[in-house]
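Participant: Sharing a structure, written as structure tokens. Questions coming.
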Amino acid sequence: MRVFLTGATGYVGSAVLDALLRTSHDVTTLVRSADKGREVAARGGRPVLGDLADPASYRDVAEAHDAYVHTAHDRSARGPQIDRQTLDTLTELARKPRTGGGVRLLVYTSAAWVLGRSLDPADETATASPTPLVSWRLAAEAFVLGQAGPTLRTLVVRPGIVYGGQRGIVADLLRDAGNGLIRVIGDGQNHWPLVYDRDLGELYARLLAHADAAGLFHATDEGDERVNDIVEAIAAHAPVRPDVRHMPIEEARAKLGPYADALVLDQLVRSPRARAIGWAPTLRSVHRNVPRLLEEFRADRDDRQVAEGPKYARR
């Protein structure tokens, strides 16, 4: 399948790219720089230089594809606006009649945080009550799902907190432990819905391959881990045990804004629709796999240093 992928050098998109290439898809990726393009090409993707904020920079190249997978997110204040503009463009392209016909796909990446606090296990039928950081994503989800038709299969993926490698929230905790201090927002008794990066990528590959897959899919390992348990396991494996400081939510909001409220969410999230198409996470726990995650963290760091050379070392 010819796939057009946004965000291929981002955390989620990188895992998706690897999974799609493993399953022999022909993947064109939108990148913003020549350096990013070389990174993607080295992994087997076809880079196209462009910018989500400028649809004209990628529209013509993106037109000739069978599937559109949107994982990128612009973190600027214009992020939600650029996201909707991108969805408008990709939907327009996906709906264009083509020689040979066939059903095309549009896959949108949302987040489990749109569910809000969920003390009862929440599956894809649960009512969403999003934390402010991601509240705009609900409208994007509804737009994508509303575009489904006879020639267009649309899907929305809500990943939990992604872990693995040197990026993401869990990697930040590993890094903080190495620096001697881990800060926890609130009392740490809240549960985080989590998903291993490679498992998440595998889900996207399955969704593309499964002709009947459509609609909303959660992506979590269903491990129901408390933040304190994750932090304790990380602290126990640090060369020198770090201090752990619990930061009051008011203080965290002053420093982090709405991101603090997302980190303190207490969520139990289930992924029955993903499991129904044969997806089975290979990892179901952070705190039981800290040695492995530390090994991946260090290997990822070393790979980046080799790839980026002295420039990386000066950061």
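Ordered as shown in the structure tokens, chains take letters A, B, and onward, while each chain numbers its residues from 1 and ligands are numbered from 1 in the order shown.
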Write out, as a Markdown table, each residue of segment 105-155 of chain A that has an atom at most 8 Å from segment 93-100 of chain A, together with the closest pair of atoms and their distance in Å to one decimal, counting only C-alpha atoms, rows going by chain and rising number.

Facilitator:
| residue | atom | partner | partner_atom | distance |
| --- | --- | --- | --- | --- |
| A:Leu105 | CA | A:Ala94 | CA | 7.1 |
| A:Leu106 | CA | A:Ala94 | CA | 7.2 |
| A:Thr151 | CA | A:Arg95 | CA | 7.2 |
| A:Leu152 | CA | A:Arg95 | CA | 6.8 |

Participant: Just the selected residues (C-alpha atoms), exported as a compact mmCIF listing (two decimals), in the first residue's frame, please.

Facilitator:
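Final output, again_31.txt:
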# COMPACT_ATOMS: atom_id res chain seq x y z
CA LEU A 105 -7.84 5.24 4.33
CA LEU A 106 -7.45 8.23 6.62
CA THR A 151 -14.61 4.90 -0.86
CA LEU A 152 -13.03 6.17 2.35

Participant: Skip Asp66 of chain A itself and residues of its chain fewer than 2 positions away, then list as a list of chain:residue names all residues within 8 Å of it, counting only C-alpha atoms.

Facilitator: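 Here the qualifying residues turn out to be A:Met1, A:Arg2, A:Val3, A:Phe4, A:Ala64, A:Tyr68, A:Ala94, A:Val103, A:Arg104, A:Leu105.
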
Participant: Now that the selection is made, can you save its residues with C-alpha atoms as an mmCIF file, in the first residue's frame?

Facilitator:
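Once written, out_12.cif looks like this:
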data_model
loop_
_atom_site.group_PDB
_atom_site.id
_atom_site.type_symbol
_atom_site.label_atom_id
_atom_site.label_comp_id
_atom_site.auth_asym_id
_atom_site.auth_seq_id
_atom_site.Cartn_x
_atom_site.Cartn_y
_atom_site.Cartn_z
ATOM 1 C CA MET A 1 0.000 0.000 0.000
ATOM 2 C CA ARG A 2 1.195 3.539 -0.776
ATOM 3 C CA VAL A 3 1.058 5.470 2.496
ATOM 4 C CA PHE A 4 1.499 9.195 3.096
ATOM 5 C CA ALA A 64 -1.208 9.614 -5.372
ATOM 6 C CA TYR A 68 -3.046 8.905 4.808
ATOM 7 C CA ALA A 94 -8.440 10.871 -0.020
ATOM 8 C CA VAL A 103 -11.203 2.199 -0.776
ATOM 9 C CA ARG A 104 -8.677 4.606 0.676
ATOM 10 C CA LEU A 105 -7.839 5.239 4.334
#

Participant: Write out as an MDAnalysis selection string all residues of segment 106-136 of chain A that DSSP puts in strand (DSSP E) for this structure's backbone.

Facilitator: chainID A and resid 106:109 118:122

Participant: Mind checking which residues fall within 7 Å of segment 212-215 of chain A, counting only C-alpha atoms, ignoring those fewer than 4 positions away in the same chain, and posting them as an MDAnalysis selection string?

Facilitator: chainID A and resid 145 153:156 207

Participant: Write the residues of the preceding selection, restricted to N, CA and C atoms, as an mmCIF file, in the first residue's frame.

Facilitator:
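That gives us selection-v9.cif:
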data_model
loop_
_atom_site.group_PDB
_atom_site.id
_atom_site.type_symbol
_atom_site.label_atom_id
_atom_site.label_comp_id
_atom_site.auth_asym_id
_atom_site.auth_seq_id
_atom_site.Cartn_x
_atom_site.Cartn_y
_atom_site.Cartn_z
ATOM 1 N N LEU A 145 -14.070 10.942 11.657
ATOM 2 C CA LEU A 145 -15.023 9.834 11.630
ATOM 3 C C LEU A 145 -16.225 10.163 10.757
ATOM 4 N N ARG A 153 -12.258 4.838 4.184
ATOM 5 C CA ARG A 153 -12.303 4.233 5.514
ATOM 6 C C ARG A 153 -11.546 5.149 6.464
ATOM 7 N N THR A 154 -12.210 5.597 7.529
ATOM 8 C CA THR A 154 -11.571 6.526 8.459
ATOM 9 C C THR A 154 -11.404 5.886 9.833
ATOM 10 N N LEU A 155 -10.283 6.220 10.480
ATOM 11 C CA LEU A 155 -9.953 5.646 11.782
ATOM 12 C C LEU A 155 -9.340 6.716 12.673
ATOM 13 N N VAL A 156 -9.616 6.611 13.969
ATOM 14 C CA VAL A 156 -9.003 7.470 14.973
ATOM 15 C C VAL A 156 -8.339 6.576 16.011
ATOM 16 N N LEU A 207 -4.157 -1.942 11.549
ATOM 17 C CA LEU A 207 -5.334 -1.201 11.116
ATOM 18 C C LEU A 207 -5.347 -1.026 9.603
#

Participant: I want to know what sits within 6 Å of Gly186 of chain A, based on only C-alpha atoms, with residues of the same chain fewer than 3 positions away left out; could you give that as a tab-separated table (two decimals) with N, CA and C atoms, in the first residue's frame?

Facilitator:
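Saved result, around_39.tsv, follows:
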chain	number	residue	atom	x	y	z
A	246	HIS	N	7.12	15.22	45.47
A	246	HIS	CA	5.74	15.35	45.01
A	246	HIS	C	5.38	16.84	44.98
A	247	MET	N	5.04	17.30	43.80
A	247	MET	CA	4.74	18.70	43.60
A	247	MET	C	3.23	18.96	43.67
A	248	PRO	N	2.76	19.87	44.51
A	248	PRO	CA	1.34	20.19	44.55
A	248	PRO	C	0.84	20.64	43.18
A	249	ILE	N	-0.40	20.29	42.85
A	249	ILE	CA	-0.93	20.59	41.53
A	249	ILE	C	-0.93	22.08	41.26

Participant: Using only C-alpha atoms, which of A:Arg117, A:Arg183, A:His70, A:Arg198 sits nearest Val144 of chain A?

Facilitator: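 Going through A:Arg117, A:Arg183, A:His70, A:Arg198 one by one, the smallest distance to Val144 of chain A is for A:His70.
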
Participant: Please list as a short mmCIF file (atom, residue, chain, number, x, y, z; two decimals) with C-alpha atoms, in the first residue's frame every residue within 10 Å of Arg137 of chain A, counting only C-alpha atoms and excluding residues in the same chain fewer than 2 positions away.

Facilitator:
data_model
loop_
_atom_site.label_atom_id
_atom_site.label_comp_id
_atom_site.auth_asym_id
_atom_site.auth_seq_id
_atom_site.Cartn_x
_atom_site.Cartn_y
_atom_site.Cartn_z
CA PRO A 80 -5.10 23.01 16.52
CA ASP A 83 -4.12 20.20 12.51
CA ARG A 84 -7.59 20.95 11.12
CA THR A 109 -3.85 10.24 15.93
CA SER A 110 -5.61 11.62 19.01
CA ALA A 111 -4.82 10.82 22.67
CA TRP A 113 -6.25 12.14 27.53
CA VAL A 114 -9.44 13.18 25.69
CA PRO A 130 -11.17 15.90 27.91
CA PRO A 132 -8.06 21.22 28.55
CA LEU A 133 -4.70 20.42 26.95
CA VAL A 134 -6.34 18.18 24.33
CA SER A 135 -9.97 19.30 24.33
CA ALA A 139 -13.73 18.07 17.19
CA ALA A 140 -10.91 16.68 15.03
CA GLU A 141 -11.95 13.12 15.89
CA ALA A 142 -15.57 13.83 15.00
CA PHE A 143 -14.55 15.43 11.71
#

Participant: Which one of A:Leu268, A:Ile230, A:Leu203, A:Val61 sits closest to Asp120 of chain A if you count only C-alpha atoms?

Facilitator: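 Of the candidates, the smallest distance to Asp120 of chain A is held by A:Leu268.
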
Participant: Can you work out which one of A:Ala8, A:Arg241, A:Gly164, A:Pro55 has the shortest atom-to-atom distance to Glu39 of chain A, counting only C-alpha atoms?

Facilitator: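 The closest residue to Glu39 of chain A is A:Ala8.
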
Participant: Given the choices A:Gly101, A:Arg75, A:Leu52, A:Arg226, which gets closest to Thr89 of chain A if the distance is worked out from only C-alpha atoms?

Facilitator: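 When distances to Thr89 of chain A are compared using only C-alpha atoms, the smallest one comes from A:Leu52.
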
Participant: If you run DSSP on the backbone here, which positions in segment 82-245 of chain A get helix (DSSP H, G or I)? Please write them as number ranges by chain.

Facilitator: A: 82-95, 112-115, 132-134, 137-146, 169-179, 197-209, 227-236

Participant: Need to verify the contact set: Gly165 of chain A, 7 Å, only C-alpha atoms, exclusion of same-chain residues closer than 6 positions in sequence. Can you return it as a ChimeraX atom specification?

Facilitator: /A:171,293,296-297,300

Participant: Would you mind listing what lies within 10 Å of Gly160 of chain A as number ranges by chain, with only C-alpha atoms counted and same-chain residues fewer than 2 positions away left out?

Facilitator: A: 110-113, 157-158, 162-163, 192-196, 200, 218-222, 267, 269-270

Participant: Which of these, A:Arg245, A:His73, A:Lys255, A:Arg273, has the shortest distance to Asp176 of chain A once you count only C-alpha atoms?

Facilitator: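 For Asp176 of chain A, the nearest of the candidates is A:Arg245.
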
Participant: Measuring between only C-alpha atoms, which one of A:Leu294, A:Ala148, A:Ala252, A:Leu115 shows the shortest distance to Leu265 of chain A?

Facilitator: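 The closest residue to Leu265 of chain A is A:Leu115.
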
Participant: Would you work out the distance separating atom CA of Gly178 of chain A from atom CA of Ser285 of chain A, expressed in Å to one decimal?

Facilitator: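 The value is 20.7 Å.
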